[in-house]
Amino acid sequence: MKEGPWLLLLYALPTPRNAERVNLWRKLKKFGAVQLKTSGYVLPDEPAHFERFQWLSKQILDAGGEATLIRVAEIDGVSNAQIIGMFNHARASDYKELTSACQDALARHKKGKTAELAAETAKWKQRFEAIKAIDYFRSPAAHDAQMLLQRVEKALGSQARASIQKLQPSRFLGKTWLTRPRPGIDRAGSAWLIRKFIDPNARFVFAMEPAQYPEALPFDMAGVEFSHQGEDCTFETLVKRFGIRDEAALVMAQMVHDADLEDEKFNRCECIGINTVLSGWARSDIPDAQLLAKGIECFDGLYSELRK
């Protein structure tokens, strides 16, 4: 969706109208509107959103309040990029709630409560689609939520999974690999693993959708071959698919798993610090390629220490 113009709804309700205020807040949340200051909400300027704000304005007026609907190209004191960041932050919070619920369910699944997991999966998929419908600027958090949902579905059918087909690194020389922007612990670790054990000259590009680089090999993205599989993070998937048996790399796979999935499966905390540092760098203005290079350097140091 394009950056602006925007629809701005300004309103005021009489103090006693608490029920109307709560009802209005719920509808604004359902529509994916973000709040500016106390009583101003923003949506992208689209016909459906204009109709929704008109409808809410009428409800506010009927409740004895005041409502003003404005179409603006810019909002003074707030850049378009900041507004988009507010939308993505709001959707990231929604996706985080979903992923937390899925992680809790996966933990219960490990204890044999498969029936509960099966009953809740359909509900979570519906919730994901509902969030996605108001994810107007394609929050990066959507990929993490979608991959976790895929893990849940694969956990349900884990007994029926076929054996893993091993791949030869020699067939993957000279390739370009694609992943999402602002790489974190699993993507940085996977890129290091690719350079170290598959192709030392591998190139990396960044995009939200594989279709943007159709010739590249996507990894750590939803719905692709080299991503989360079952209970494994992408680093572990690559280790298994390429038959990597290096002892230090196998230990690092456990560290990346625990830092990325936060399920304490291996009780490894060594990569949590690296993950925190990468998250801090990701909030800066450095390019994706430089961020990935910094992450690879961290893994080079960790590997050297483990090899001692």
# chains A, B, ... in the order shown; residues from 1 in each chain; ligands from 1

call {"tool": "residues_around", "arguments": {"residues": "Thr234 in chain A", "least_positions_apart": "2", "cutoff": "9 Å", "atoms": "only C-alpha atoms", "output": "MDAnalysis selection string"}}
result
chainID A and resid 186:187 189:190 219:220 226:229 232 236:239 257

call {"tool": "write_last_selection", "arguments": {"atoms": "N, CA and C atoms", "output": "compact mmCIF listing (two decimals), in the first residue's frame"}}
result
# COMPACT_ATOMS: atom_id res chain seq x y z
N ASP A 186 18.54 -16.07 13.48
CA ASP A 186 18.44 -17.26 12.65
C ASP A 186 18.91 -16.98 11.22
N ARG A 187 18.55 -15.82 10.69
CA ARG A 187 18.96 -15.48 9.32
C ARG A 187 20.45 -15.20 9.24
N GLY A 189 22.76 -16.35 11.35
CA GLY A 189 23.44 -17.63 11.56
C GLY A 189 23.36 -18.52 10.33
N SER A 190 22.22 -18.54 9.67
CA SER A 190 22.06 -19.36 8.47
C SER A 190 22.95 -18.86 7.34
N PHE A 219 15.49 -18.27 1.97
CA PHE A 219 15.64 -18.99 3.22
C PHE A 219 15.08 -18.16 4.38
N ASP A 220 14.63 -18.86 5.42
CA ASP A 220 14.00 -18.26 6.59
C ASP A 220 12.86 -17.33 6.17
N PHE A 226 13.97 -23.93 2.58
CA PHE A 226 14.99 -23.73 3.60
C PHE A 226 14.46 -22.74 4.64
N SER A 227 13.68 -23.26 5.56
CA SER A 227 13.07 -22.42 6.59
C SER A 227 12.80 -23.29 7.80
N HIS A 228 11.93 -22.84 8.69
CA HIS A 228 11.57 -23.64 9.85
C HIS A 228 10.87 -24.91 9.37
N GLN A 229 11.30 -26.04 9.93
CA GLN A 229 10.68 -27.32 9.60
C GLN A 229 10.42 -28.06 10.90
N ASP A 232 12.36 -27.39 14.14
CA ASP A 232 13.68 -26.85 13.83
C ASP A 232 13.61 -25.41 13.33
N GLU A 236 18.98 -25.09 11.81
CA GLU A 236 18.93 -26.55 11.98
C GLU A 236 18.49 -27.24 10.70
N THR A 237 17.53 -26.64 9.98
CA THR A 237 17.09 -27.23 8.71
C THR A 237 18.24 -27.34 7.73
N LEU A 238 19.05 -26.29 7.61
CA LEU A 238 20.20 -26.31 6.71
C LEU A 238 21.23 -27.35 7.14
N VAL A 239 21.47 -27.44 8.44
CA VAL A 239 22.42 -28.44 8.95
C VAL A 239 21.98 -29.85 8.54
N HIS A 257 18.81 -22.19 17.90
CA HIS A 257 17.44 -22.66 18.14
C HIS A 257 16.86 -21.99 19.39

call {"tool": "select_by_dssp", "arguments": {"residues": "range 136-206 of chain A", "states": "alpha helix (DSSP H)", "output": "ChimeraX atom specification"}}
result
/A:141-156,185-193

call {"tool": "residues_around", "arguments": {"residues": "Glu215 in chain A", "least_positions_apart": "3", "cutoff": "9 Å", "atoms": "only C-alpha atoms", "output": "mmCIF file with C-alpha atoms, in the first residue's frame"}}
result
data_model
loop_
_atom_site.group_PDB
_atom_site.id
_atom_site.type_symbol
_atom_site.label_atom_id
_atom_site.label_comp_id
_atom_site.auth_asym_id
_atom_site.auth_seq_id
_atom_site.Cartn_x
_atom_site.Cartn_y
_atom_site.Cartn_z
ATOM 1 C CA LYS A 175 24.055 -19.130 -5.968
ATOM 2 C CA THR A 176 22.334 -16.014 -4.669
ATOM 3 C CA TRP A 177 20.345 -16.481 -1.470
ATOM 4 C CA PRO A 210 10.579 -14.587 -3.058
ATOM 5 C CA ALA A 211 8.949 -13.416 -6.309
#

call {"tool": "residues_around", "arguments": {"residues": "Glu305 in chain A", "least_positions_apart": "5", "cutoff": "12 Å", "atoms": "only C-alpha atoms", "output": "count of residues only"}}
result
8

call {"tool": "atom_distance", "arguments": {"atom1": "CA of Tyr303 in chain A", "atom2": "CA of Met255 in chain A"}}
result
11.5 Å

call {"tool": "residues_around", "arguments": {"residues": "Tyr95 in chain A", "least_positions_apart": "2", "cutoff": "9 Å", "atoms": "only C-alpha atoms", "output": "NGL selection string"}}
result
:A and (90-93 or 97-100 or 128 or 131 or 141-142 or 144-145)

call {"tool": "write_last_selection", "arguments": {"atoms": "N, CA and C atoms", "output": "short mmCIF file (atom, residue, chain, number, x, y, z; two decimals), in the first residue's frame"}}
result
data_model
loop_
_atom_site.label_atom_id
_atom_site.label_comp_id
_atom_site.auth_asym_id
_atom_site.auth_seq_id
_atom_site.Cartn_x
_atom_site.Cartn_y
_atom_site.Cartn_z
N ALA A 90 1.98 -1.75 15.58
CA ALA A 90 0.69 -2.27 16.07
C ALA A 90 0.45 -3.70 15.59
N ARG A 91 0.75 -3.94 14.31
CA ARG A 91 0.54 -5.29 13.78
C ARG A 91 1.56 -6.27 14.38
N ALA A 92 2.78 -5.81 14.63
CA ALA A 92 3.78 -6.68 15.25
C ALA A 92 3.30 -7.14 16.63
N SER A 93 2.63 -6.25 17.37
CA SER A 93 2.08 -6.64 18.68
C SER A 93 0.99 -7.70 18.52
N GLU A 97 1.23 -11.67 19.95
CA GLU A 97 0.23 -12.39 20.76
C GLU A 97 -0.07 -13.76 20.16
N LEU A 98 -0.19 -13.79 18.84
CA LEU A 98 -0.48 -15.05 18.16
C LEU A 98 0.67 -16.04 18.30
N THR A 99 1.90 -15.57 18.08
CA THR A 99 3.05 -16.48 18.18
C THR A 99 3.23 -16.99 19.60
N SER A 100 2.95 -16.16 20.60
CA SER A 100 3.07 -16.61 21.99
C SER A 100 2.09 -17.75 22.27
N PHE A 128 -4.73 -15.24 12.26
CA PHE A 128 -3.63 -14.76 11.40
C PHE A 128 -4.19 -14.04 10.18
N ILE A 131 -5.49 -10.60 11.15
CA ILE A 131 -4.41 -9.61 11.33
C ILE A 131 -3.84 -9.20 9.98
N ALA A 141 6.87 -8.85 10.95
CA ALA A 141 6.49 -9.86 11.94
C ALA A 141 5.52 -10.89 11.39
N ALA A 142 4.88 -10.59 10.26
CA ALA A 142 3.94 -11.54 9.68
C ALA A 142 4.64 -12.84 9.28
N ASP A 144 7.26 -14.28 10.67
CA ASP A 144 7.54 -15.10 11.85
C ASP A 144 6.28 -15.83 12.32
N ALA A 145 5.16 -15.11 12.32
CA ALA A 145 3.90 -15.74 12.74
C ALA A 145 3.48 -16.84 11.78
#

call {"tool": "residues_around", "arguments": {"residues": "Phe50 in chain A", "least_positions_apart": "3", "cutoff": "10 Å", "atoms": "only C-alpha atoms", "output": "ChimeraX atom specification"}}
result
/A:6-9,43-47,53-56,69-71

call {"tool": "write_last_selection", "arguments": {"atoms": "N, CA and C atoms", "output": "PDB file, in the first residue's frame"}}
result
ATOM      1  N   TRP A   6      -3.709  10.235   3.877  1.00  0.00           N
ATOM      2  CA  TRP A   6      -4.263   9.581   5.053  1.00  0.00           C
ATOM      3  C   TRP A   6      -5.673  10.081   5.339  1.00  0.00           C
ATOM      4  N   LEU A   7      -6.417   9.252   6.035  1.00  0.00           N
ATOM      5  CA  LEU A   7      -7.705   9.654   6.591  1.00  0.00           C
ATOM      6  C   LEU A   7      -7.527   9.828   8.093  1.00  0.00           C
ATOM      7  N   LEU A   8      -7.918  10.979   8.583  1.00  0.00           N
ATOM      8  CA  LEU A   8      -7.759  11.300  10.002  1.00  0.00           C
ATOM      9  C   LEU A   8      -9.131  11.535  10.615  1.00  0.00           C
ATOM     10  N   LEU A   9      -9.469  10.735  11.630  1.00  0.00           N
ATOM     11  CA  LEU A   9     -10.738  10.876  12.340  1.00  0.00           C
ATOM     12  C   LEU A   9     -10.471  11.504  13.704  1.00  0.00           C
ATOM     13  N   LEU A  43      -6.070   6.036   9.205  1.00  0.00           N
ATOM     14  CA  LEU A  43      -6.079   4.895   8.294  1.00  0.00           C
ATOM     15  C   LEU A  43      -5.584   5.369   6.933  1.00  0.00           C
ATOM     16  N   PRO A  44      -5.026   4.480   6.116  1.00  0.00           N
ATOM     17  CA  PRO A  44      -4.681   4.864   4.738  1.00  0.00           C
ATOM     18  C   PRO A  44      -5.926   5.315   3.988  1.00  0.00           C
ATOM     19  N   ASP A  45      -5.755   6.248   3.082  1.00  0.00           N
ATOM     20  CA  ASP A  45      -6.888   6.798   2.336  1.00  0.00           C
ATOM     21  C   ASP A  45      -7.322   5.817   1.256  1.00  0.00           C
ATOM     22  N   GLU A  46      -8.253   4.968   1.612  1.00  0.00           N
ATOM     23  CA  GLU A  46      -8.840   4.000   0.706  1.00  0.00           C
ATOM     24  C   GLU A  46     -10.362   4.101   0.813  1.00  0.00           C
ATOM     25  N   PRO A  47     -11.106   3.810  -0.261  1.00  0.00           N
ATOM     26  CA  PRO A  47     -12.571   3.934  -0.216  1.00  0.00           C
ATOM     27  C   PRO A  47     -13.221   3.165   0.933  1.00  0.00           C
ATOM     28  N   PHE A  53     -14.851   5.128   8.431  1.00  0.00           N
ATOM     29  CA  PHE A  53     -14.758   6.323   9.264  1.00  0.00           C
ATOM     30  C   PHE A  53     -16.046   7.149   9.199  1.00  0.00           C
ATOM     31  N   GLN A  54     -16.698   7.202   8.047  1.00  0.00           N
ATOM     32  CA  GLN A  54     -17.982   7.899   7.948  1.00  0.00           C
ATOM     33  C   GLN A  54     -19.019   7.237   8.865  1.00  0.00           C
ATOM     34  N   TRP A  55     -19.031   5.927   8.864  1.00  0.00           N
ATOM     35  CA  TRP A  55     -19.957   5.161   9.692  1.00  0.00           C
ATOM     36  C   TRP A  55     -19.691   5.425  11.178  1.00  0.00           C
ATOM     37  N   LEU A  56     -18.410   5.417  11.563  1.00  0.00           N
ATOM     38  CA  LEU A  56     -18.066   5.683  12.955  1.00  0.00           C
ATOM     39  C   LEU A  56     -18.403   7.121  13.335  1.00  0.00           C
ATOM     40  N   LEU A  69     -13.873  14.228  10.046  1.00  0.00           N
ATOM     41  CA  LEU A  69     -13.128  13.329   9.166  1.00  0.00           C
ATOM     42  C   LEU A  69     -12.360  14.170   8.145  1.00  0.00           C
ATOM     43  N   ILE A  70     -11.031  13.982   8.118  1.00  0.00           N
ATOM     44  CA  ILE A  70     -10.171  14.804   7.278  1.00  0.00           C
ATOM     45  C   ILE A  70      -9.334  13.900   6.373  1.00  0.00           C
ATOM     46  N   ARG A  71      -9.188  14.329   5.124  1.00  0.00           N
ATOM     47  CA  ARG A  71      -8.272  13.655   4.201  1.00  0.00           C
ATOM     48  C   ARG A  71      -7.033  14.551   4.065  1.00  0.00           C
TER      49      ARG A  71
END

call {"tool": "select_by_dssp", "arguments": {"residues": "range 53-290 of chain A", "states": "strand (DSSP E)", "output": "PyMOL selection string"}}
result
chain A and resi 66-72+176-179+203-206+217-218

call {"tool": "write_last_selection", "arguments": {"atoms": "N, CA and C atoms", "output": "tab-separated table (two decimals), in the first residue's frame"}}
result
chain	number	residue	atom	x	y	z
A	66	GLU	N	-18.73	14.67	19.04
A	66	GLU	CA	-18.31	15.45	17.88
A	66	GLU	C	-17.32	14.61	17.07
A	67	ALA	N	-17.41	14.71	15.75
A	67	ALA	CA	-16.53	13.93	14.88
A	67	ALA	C	-16.16	14.75	13.66
A	68	THR	N	-14.89	14.70	13.28
A	68	THR	CA	-14.40	15.38	12.08
A	68	THR	C	-13.54	14.40	11.29
A	69	LEU	N	-13.87	14.23	10.05
A	69	LEU	CA	-13.13	13.33	9.17
A	69	LEU	C	-12.36	14.17	8.15
A	70	ILE	N	-11.03	13.98	8.12
A	70	ILE	CA	-10.17	14.80	7.28
A	70	ILE	C	-9.33	13.90	6.37
A	71	ARG	N	-9.19	14.33	5.12
A	71	ARG	CA	-8.27	13.66	4.20
A	71	ARG	C	-7.03	14.55	4.06
A	72	VAL	N	-5.85	14.01	4.40
A	72	VAL	CA	-4.63	14.81	4.40
A	72	VAL	C	-3.52	14.07	3.66
A	176	THR	N	22.75	-17.17	-5.45
A	176	THR	CA	22.33	-16.01	-4.67
A	176	THR	C	21.21	-16.47	-3.74
A	177	TRP	N	21.32	-16.08	-2.48
A	177	TRP	CA	20.34	-16.48	-1.47
A	177	TRP	C	19.54	-15.26	-1.05
A	178	LEU	N	18.26	-15.47	-0.83
A	178	LEU	CA	17.34	-14.38	-0.50
A	178	LEU	C	16.74	-14.59	0.89
A	179	THR	N	16.70	-13.51	1.66
A	179	THR	CA	16.01	-13.56	2.94
A	179	THR	C	15.35	-12.22	3.21
A	203	ARG	N	26.15	-15.09	-2.36
A	203	ARG	CA	25.67	-13.72	-2.30
A	203	ARG	C	24.31	-13.70	-1.61
A	204	PHE	N	24.00	-12.57	-0.96
A	204	PHE	CA	22.74	-12.46	-0.24
A	204	PHE	C	22.00	-11.19	-0.66
A	205	VAL	N	20.71	-11.34	-0.90
A	205	VAL	CA	19.85	-10.19	-1.23
A	205	VAL	C	18.66	-10.24	-0.27
A	206	PHE	N	17.90	-9.14	-0.25
A	206	PHE	CA	16.85	-8.99	0.75
A	206	PHE	C	15.54	-8.52	0.10
A	217	LEU	N	17.71	-18.27	-4.05
A	217	LEU	CA	17.25	-19.33	-3.16
A	217	LEU	C	16.75	-18.69	-1.87
A	218	PRO	N	15.45	-18.72	-1.60
A	218	PRO	CA	14.94	-18.08	-0.38
A	218	PRO	C	15.20	-18.93	0.85
